[in-house]
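Peer 1: One file is attached below, coords_29.cif, containing mmCIF, C-alpha atoms.
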data_start
loop_
_atom_site.label_atom_id
_atom_site.label_comp_id
_atom_site.auth_asym_id
_atom_site.auth_seq_id
_atom_site.Cartn_x
_atom_site.Cartn_y
_atom_site.Cartn_z
CA MET E 251 15.87 -39.82 -8.67
CA VAL E 252 17.65 -41.59 -5.83
CA CYS E 253 17.32 -40.09 -2.38
CA LEU E 254 20.50 -40.63 -0.40
CA LEU E 255 19.27 -39.08 2.83
CA PRO E 256 15.86 -39.98 4.29
CA PHE E 257 15.35 -36.35 5.35
CA GLY E 258 16.75 -34.65 2.22
CA ARG E 259 14.80 -31.76 0.75
CA ARG E 260 14.04 -33.60 -2.52
CA CYS E 261 12.55 -36.55 -0.66
CA VAL E 262 10.42 -34.28 1.49
CA ASP E 263 9.25 -32.32 -1.56
CA ARG E 264 8.24 -35.53 -3.36
CA ARG E 265 6.35 -36.84 -0.33
CA LEU E 266 4.52 -33.55 0.17
CA GLN E 267 3.58 -33.37 -3.51
CA ARG E 268 2.17 -36.91 -3.38
CA VAL E 269 -0.17 -36.06 -0.49
CA ARG E 270 -0.81 -32.49 -1.74
CA ILE E 271 0.35 -30.67 1.40
CA ASP E 272 1.90 -27.21 1.30
CA ILE E 273 4.74 -26.40 3.70
CA PRO E 274 3.69 -23.53 5.96
CA THR E 275 5.71 -20.37 5.41
CA ILE E 276 6.76 -17.91 8.05
CA GLU E 277 7.36 -14.20 7.53
CA VAL E 278 9.27 -12.47 10.30
CA ARG E 279 9.05 -8.70 10.86
CA TYR E 280 10.98 -6.71 13.40
CA GLU E 281 10.60 -3.08 14.44
CA HIS E 282 12.86 -1.06 16.74
CA LEU E 283 14.56 -4.18 18.06
CA ASN E 284 17.18 -3.42 20.73
CA VAL E 285 19.56 -5.86 22.40
CA ASP E 286 21.25 -4.55 25.54
CA ALA E 287 24.11 -6.25 27.37
CA GLN E 288 26.05 -5.34 30.48
CA VAL E 289 29.64 -5.77 29.32
CA HIS E 290 32.89 -3.87 29.46
CA VAL E 291 33.92 -2.33 26.16
CA GLY E 292 37.43 -1.78 24.78
CA SER E 293 40.51 -2.69 26.78
CA ARG E 294 38.38 -3.29 29.91
CA GLY E 295 36.81 -6.29 28.20
CA PHE E 296 40.03 -8.27 28.10
CA PRO E 297 40.78 -10.64 31.00
CA SER E 298 43.79 -9.45 32.95
CA VAL E 299 44.84 -9.16 36.57
CA LEU E 300 44.45 -5.38 36.49
CA ASN E 301 40.94 -5.61 34.99
CA PHE E 302 39.97 -8.25 37.55
CA PHE E 303 40.87 -6.02 40.48
CA THR E 304 39.37 -2.94 38.79
CA ASP E 305 36.11 -4.82 38.15
CA THR E 306 35.99 -6.08 41.74
CA ILE E 307 36.50 -2.61 43.23
CA GLU E 308 34.07 -1.03 40.74
CA GLY E 309 31.43 -3.70 41.50
CA PHE E 310 31.75 -3.03 45.23
CA LEU E 311 31.42 0.74 44.71
CA ASN E 312 28.41 0.19 42.43
CA LEU E 313 26.81 -1.92 45.12
CA LEU E 314 27.20 0.95 47.59
CA HIS E 315 25.86 3.42 44.96
CA ILE E 316 29.04 5.48 45.17
CA LEU E 317 30.09 4.96 41.56
CA PRO E 318 27.60 4.77 38.65
CA ASP E 319 27.56 1.65 36.52
CA ARG E 320 29.53 2.33 33.32
CA LYS E 321 29.03 -1.04 31.68
CA GLY E 322 26.72 -1.38 28.74
CA LEU E 323 26.46 -2.17 25.08
CA SER E 324 23.39 -1.62 22.98
CA GLN E 325 22.68 -2.76 19.46
CA SER E 326 19.67 -1.38 17.62
CA PHE E 327 17.97 -2.80 14.59
CA MET E 328 15.34 -0.50 13.10
CA ILE E 329 12.86 -2.20 10.76
CA GLY E 330 13.13 -5.32 8.63
CA ILE E 331 11.23 -8.16 7.03
CA VAL E 332 12.48 -11.68 6.38
CA LYS E 333 10.23 -13.20 3.72
CA PRO E 334 9.76 -16.94 3.22
CA GLY E 335 11.39 -18.48 0.17
CA LYS E 336 13.73 -15.52 -0.32
CA LEU E 337 17.44 -15.36 0.28
CA THR E 338 18.28 -12.55 2.70
CA LEU E 339 21.82 -11.21 2.73
CA LEU E 340 23.04 -9.78 6.01
CA LEU E 341 26.28 -7.81 5.72
CA GLY E 342 28.21 -5.73 8.21
CA PRO E 343 31.63 -5.27 9.79
CA PRO E 344 32.73 -7.42 12.73
CA GLY E 345 30.89 -6.51 15.91
CA SER E 346 27.99 -4.80 14.13
CA GLY E 347 25.39 -7.19 15.55
CA LYS E 348 24.69 -9.62 12.71
CA THR E 349 24.76 -12.64 15.01
CA SER E 350 22.74 -10.84 17.69
CA LEU E 351 20.02 -10.03 15.16
CA LEU E 352 19.84 -13.60 13.89
CA LEU E 353 19.78 -15.04 17.40
CA ALA E 354 17.04 -12.57 18.42
CA LEU E 355 14.93 -13.55 15.42
CA ALA E 356 15.47 -17.26 16.13
CA GLY E 357 14.57 -16.76 19.80
CA LYS E 358 17.91 -18.07 21.02
CA LEU E 359 19.47 -15.07 22.74
CA ALA E 360 21.05 -15.56 26.14
CA LYS E 361 18.69 -14.95 29.05
CA ASP E 362 20.89 -12.23 30.56
CA LEU E 363 20.44 -9.96 27.52
CA LYS E 364 17.66 -7.40 27.56
CA VAL E 365 15.58 -7.38 24.38
CA SER E 366 13.08 -4.68 23.55
CA GLY E 367 11.13 -3.89 20.43
CA LYS E 368 8.61 -5.80 18.42
CA VAL E 369 9.16 -9.08 16.55
CA THR E 370 6.11 -10.53 14.81
CA CYS E 371 5.59 -13.66 12.76
CA ASN E 372 2.89 -14.42 10.20
CA ASN E 373 0.45 -11.52 10.24
CA GLY E 374 1.16 -10.04 13.65
CA HIS E 375 1.65 -12.99 15.99
CA THR E 376 4.15 -11.92 18.66
CA MET E 377 7.01 -14.08 19.87
CA ASP E 378 5.01 -14.88 23.03
CA GLU E 379 2.28 -16.51 20.90
CA PHE E 380 4.71 -18.15 18.51
CA VAL E 381 7.47 -20.65 19.37
CA PRO E 382 10.37 -19.74 17.05
CA GLN E 383 12.44 -22.75 18.13
CA ARG E 384 9.96 -25.05 16.36
CA SER E 385 10.44 -23.41 12.98
CA SER E 386 13.88 -21.79 12.97
CA ALA E 387 17.46 -22.63 13.76
CA TYR E 388 20.65 -20.66 14.03
CA ILE E 389 23.60 -22.46 12.49
CA SER E 390 26.90 -21.01 13.62
CA GLN E 391 29.51 -20.14 11.04
CA HIS E 392 31.88 -22.46 12.89
CA ASP E 393 29.82 -25.60 12.29
CA ILE E 394 31.56 -28.42 10.45
CA HIS E 395 29.76 -29.05 7.19
CA ILE E 396 29.90 -32.09 4.93
CA GLY E 397 31.33 -30.97 1.59
CA GLU E 398 29.34 -33.49 -0.49
CA MET E 399 25.95 -32.19 0.70
CA THR E 400 24.03 -29.37 -0.96
CA VAL E 401 23.12 -26.25 1.00
CA ARG E 402 19.53 -27.46 1.43
CA GLU E 403 20.66 -30.88 2.62
CA THR E 404 23.11 -29.25 5.06
CA LEU E 405 20.37 -27.03 6.51
CA ALA E 406 17.93 -29.93 6.70
CA PHE E 407 20.56 -32.10 8.41
CA SER E 408 21.44 -29.36 10.91
CA ALA E 409 17.77 -28.74 11.65
CA ARG E 410 17.18 -32.45 12.18
CA VAL E 411 20.16 -32.77 14.53
CA GLN E 412 19.16 -29.66 16.51
CA GLY E 413 15.59 -30.91 16.87
CA VAL E 414 13.88 -28.10 14.97
CA GLY E 415 10.28 -28.70 13.97
CA THR E 416 8.01 -31.31 15.49
CA ASN E 417 10.99 -33.07 17.11
CA TYR E 418 11.81 -30.01 19.21
CA GLY E 419 11.41 -30.52 22.87
#
Could you rewrite the structure in this file as structure tokens?
Peer 2:
Amino acid sequence: MVCLLPFGRRCVDRRLQRVRIDIPTIEVRYEHLNVDAQVHVGSRGFPSVLNFFTDTIEGFLNLLHILPDRKGLSQSFMIGIVKPGKLTLLLGPPGSGKTSLLLALAGKLAKDLKVSGKVTCNNGHTMDEFVPQRSSAYISQHDIHIGEMTVRETLAFSARVQGVGTNYG
């Protein structure tokens, strides 16, 4: 078997089999995970001159505690397990929070989002004890993929480019 890429999955598997090392597996569990954002919903979310002035006046009145803050969007994810070596299918309509869930599990959510709930890895280790960026990556659906590569080689390549694993830093 010829290995075209030095970091291809087949090459890594052969090297690990030669030295008799097992790849560590990670099981991720989440319970009552909530992601809260302070955003305008509906037509107020679109950039326009009217919305700009409305947001400015509303922000000033919120600062003076005259008008309550009406911004907010919350996405809740109840309970789930992502098992190692298994393909997990995540389906939902647009805006249902699929990307938010994946980013929360990968530890790559924006800092201005409020996350609550419990995410554990490998027998109860919390995300504070575990660095998800060393073992996971979120690959956007808008990435440009090389058509000649297999799915495994594409994921390995993306992980290598993003610095996932021991090269993360």
Peer 1: Might you pull out every residue within 12 Å of Lys336 in chain E, with only C-alpha atoms counted and same-chain residues fewer than 3 positions away left off, and present them as a short mmCIF file (atom, residue, chain, number, x, y, z; two decimals) with C-alpha atoms, keeping the file's coordinate frame?
Peer 2:
data_model
loop_
_atom_site.label_atom_id
_atom_site.label_comp_id
_atom_site.auth_asym_id
_atom_site.auth_seq_id
_atom_site.Cartn_x
_atom_site.Cartn_y
_atom_site.Cartn_z
CA THR E 275 5.71 -20.37 5.41
CA ILE E 276 6.76 -17.91 8.05
CA GLU E 277 7.36 -14.20 7.53
CA VAL E 278 9.27 -12.47 10.30
CA ILE E 331 11.23 -8.16 7.03
CA VAL E 332 12.48 -11.68 6.38
CA LYS E 333 10.23 -13.20 3.72
CA LEU E 339 21.82 -11.21 2.73
#
Peer 1: May I have the protein, DNA and RNA residues with any atom at most 6 Å from the point (11.2, -2.0, 12.6), counting all atoms listed in the file, written as a list of chain:residue names?
Peer 2: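 Residues satisfying the cut-off, written out: E:Tyr280, E:Glu281, E:His282, E:Met328, E:Ile329, E:Gly330.
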Peer 1: Please write the residues from the selection above to a file, keeping C-alpha atoms, as an mmCIF file, in the frame of the given file.
Peer 2:
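Output saved as part24.cif:
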data_model
loop_
_atom_site.group_PDB
_atom_site.id
_atom_site.type_symbol
_atom_site.label_atom_id
_atom_site.label_comp_id
_atom_site.auth_asym_id
_atom_site.auth_seq_id
_atom_site.Cartn_x
_atom_site.Cartn_y
_atom_site.Cartn_z
ATOM 1 C CA TYR E 280 10.980 -6.710 13.400
ATOM 2 C CA GLU E 281 10.600 -3.080 14.440
ATOM 3 C CA HIS E 282 12.860 -1.060 16.740
ATOM 4 C CA MET E 328 15.340 -0.500 13.100
ATOM 5 C CA ILE E 329 12.860 -2.200 10.760
ATOM 6 C CA GLY E 330 13.130 -5.320 8.630
#
Peer 1: What gap, in Å, lies between CA of Val411 in chain E and CA of Val285 in chain E?
Peer 2: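 Value for the CA of Val411 in chain E-CA of Val285 in chain E distance: 28.0 Å.
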Peer 1: With only C-alpha atoms as the atoms that count, which of E:Gln325, E:Leu311, E:Asn372, E:Val381 lies nearest to Gly345 in chain E?
Peer 2: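 Going through E:Gln325, E:Leu311, E:Asn372, E:Val381 one by one, the smallest distance to Gly345 in chain E is for E:Gln325.
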Peer 1: In Å, with one decimal, what is the gap from CA of Thr404 in chain E to CA of Arg260 in chain E?
Peer 2: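 Separation of CA of Thr404 in chain E and CA of Arg260 in chain E: 12.6 Å.
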Peer 1: Interatomic distance between CA of Cys261 in chain E and CA of Ala409 in chain E?
Peer 2: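 Distance between the two atoms: 15.5 Å.
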Peer 1: Of the residues E:Leu352, E:Ile271, E:Cys371, E:Leu314, which is the one nearest to Thr338 in chain E, using only C-alpha atoms?
Peer 2: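 Closest to Thr338 in chain E, using only C-alpha atoms: E:Leu352.
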Peer 1: Which is closest to Lys361 in chain E among E:Asp286, E:Glu379, E:Asp272, E:Glu308, if we use only C-alpha atoms?
Peer 2: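 Between E:Asp286, E:Glu379, E:Asp272, E:Glu308, the residue approaching Lys361 in chain E most closely is E:Asp286.
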Peer 1: Need the shell around Ser366 in chain E: protein/DNA/RNA residues with any atom at most 7 Å away, counting all atoms listed in the file. Skip same-chain ones fewer than 2 positions apart. Format as a list in words?
Peer 2: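 Near neighbours after the sequence-gap exclusion: Leu283, Asn284, Val285, Lys364 and Lys368 of chain E.
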Peer 1: Do you know which residues the PyMOL selection byres ((chain E and resi 350) around 10) returns on this file, as a list in words?
Peer 2: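 Output from the PyMOL selection byres ((chain E and resi 350) around 10), applied to this file: Asn284, Val285, Gln325, Ser326, Phe327, Gly345, Ser346, Gly347, Lys348, Thr349, Leu351, Leu352, Leu353, Ala354, Leu355, Ala356, Lys358, Leu359 and Ala360 of chain E.
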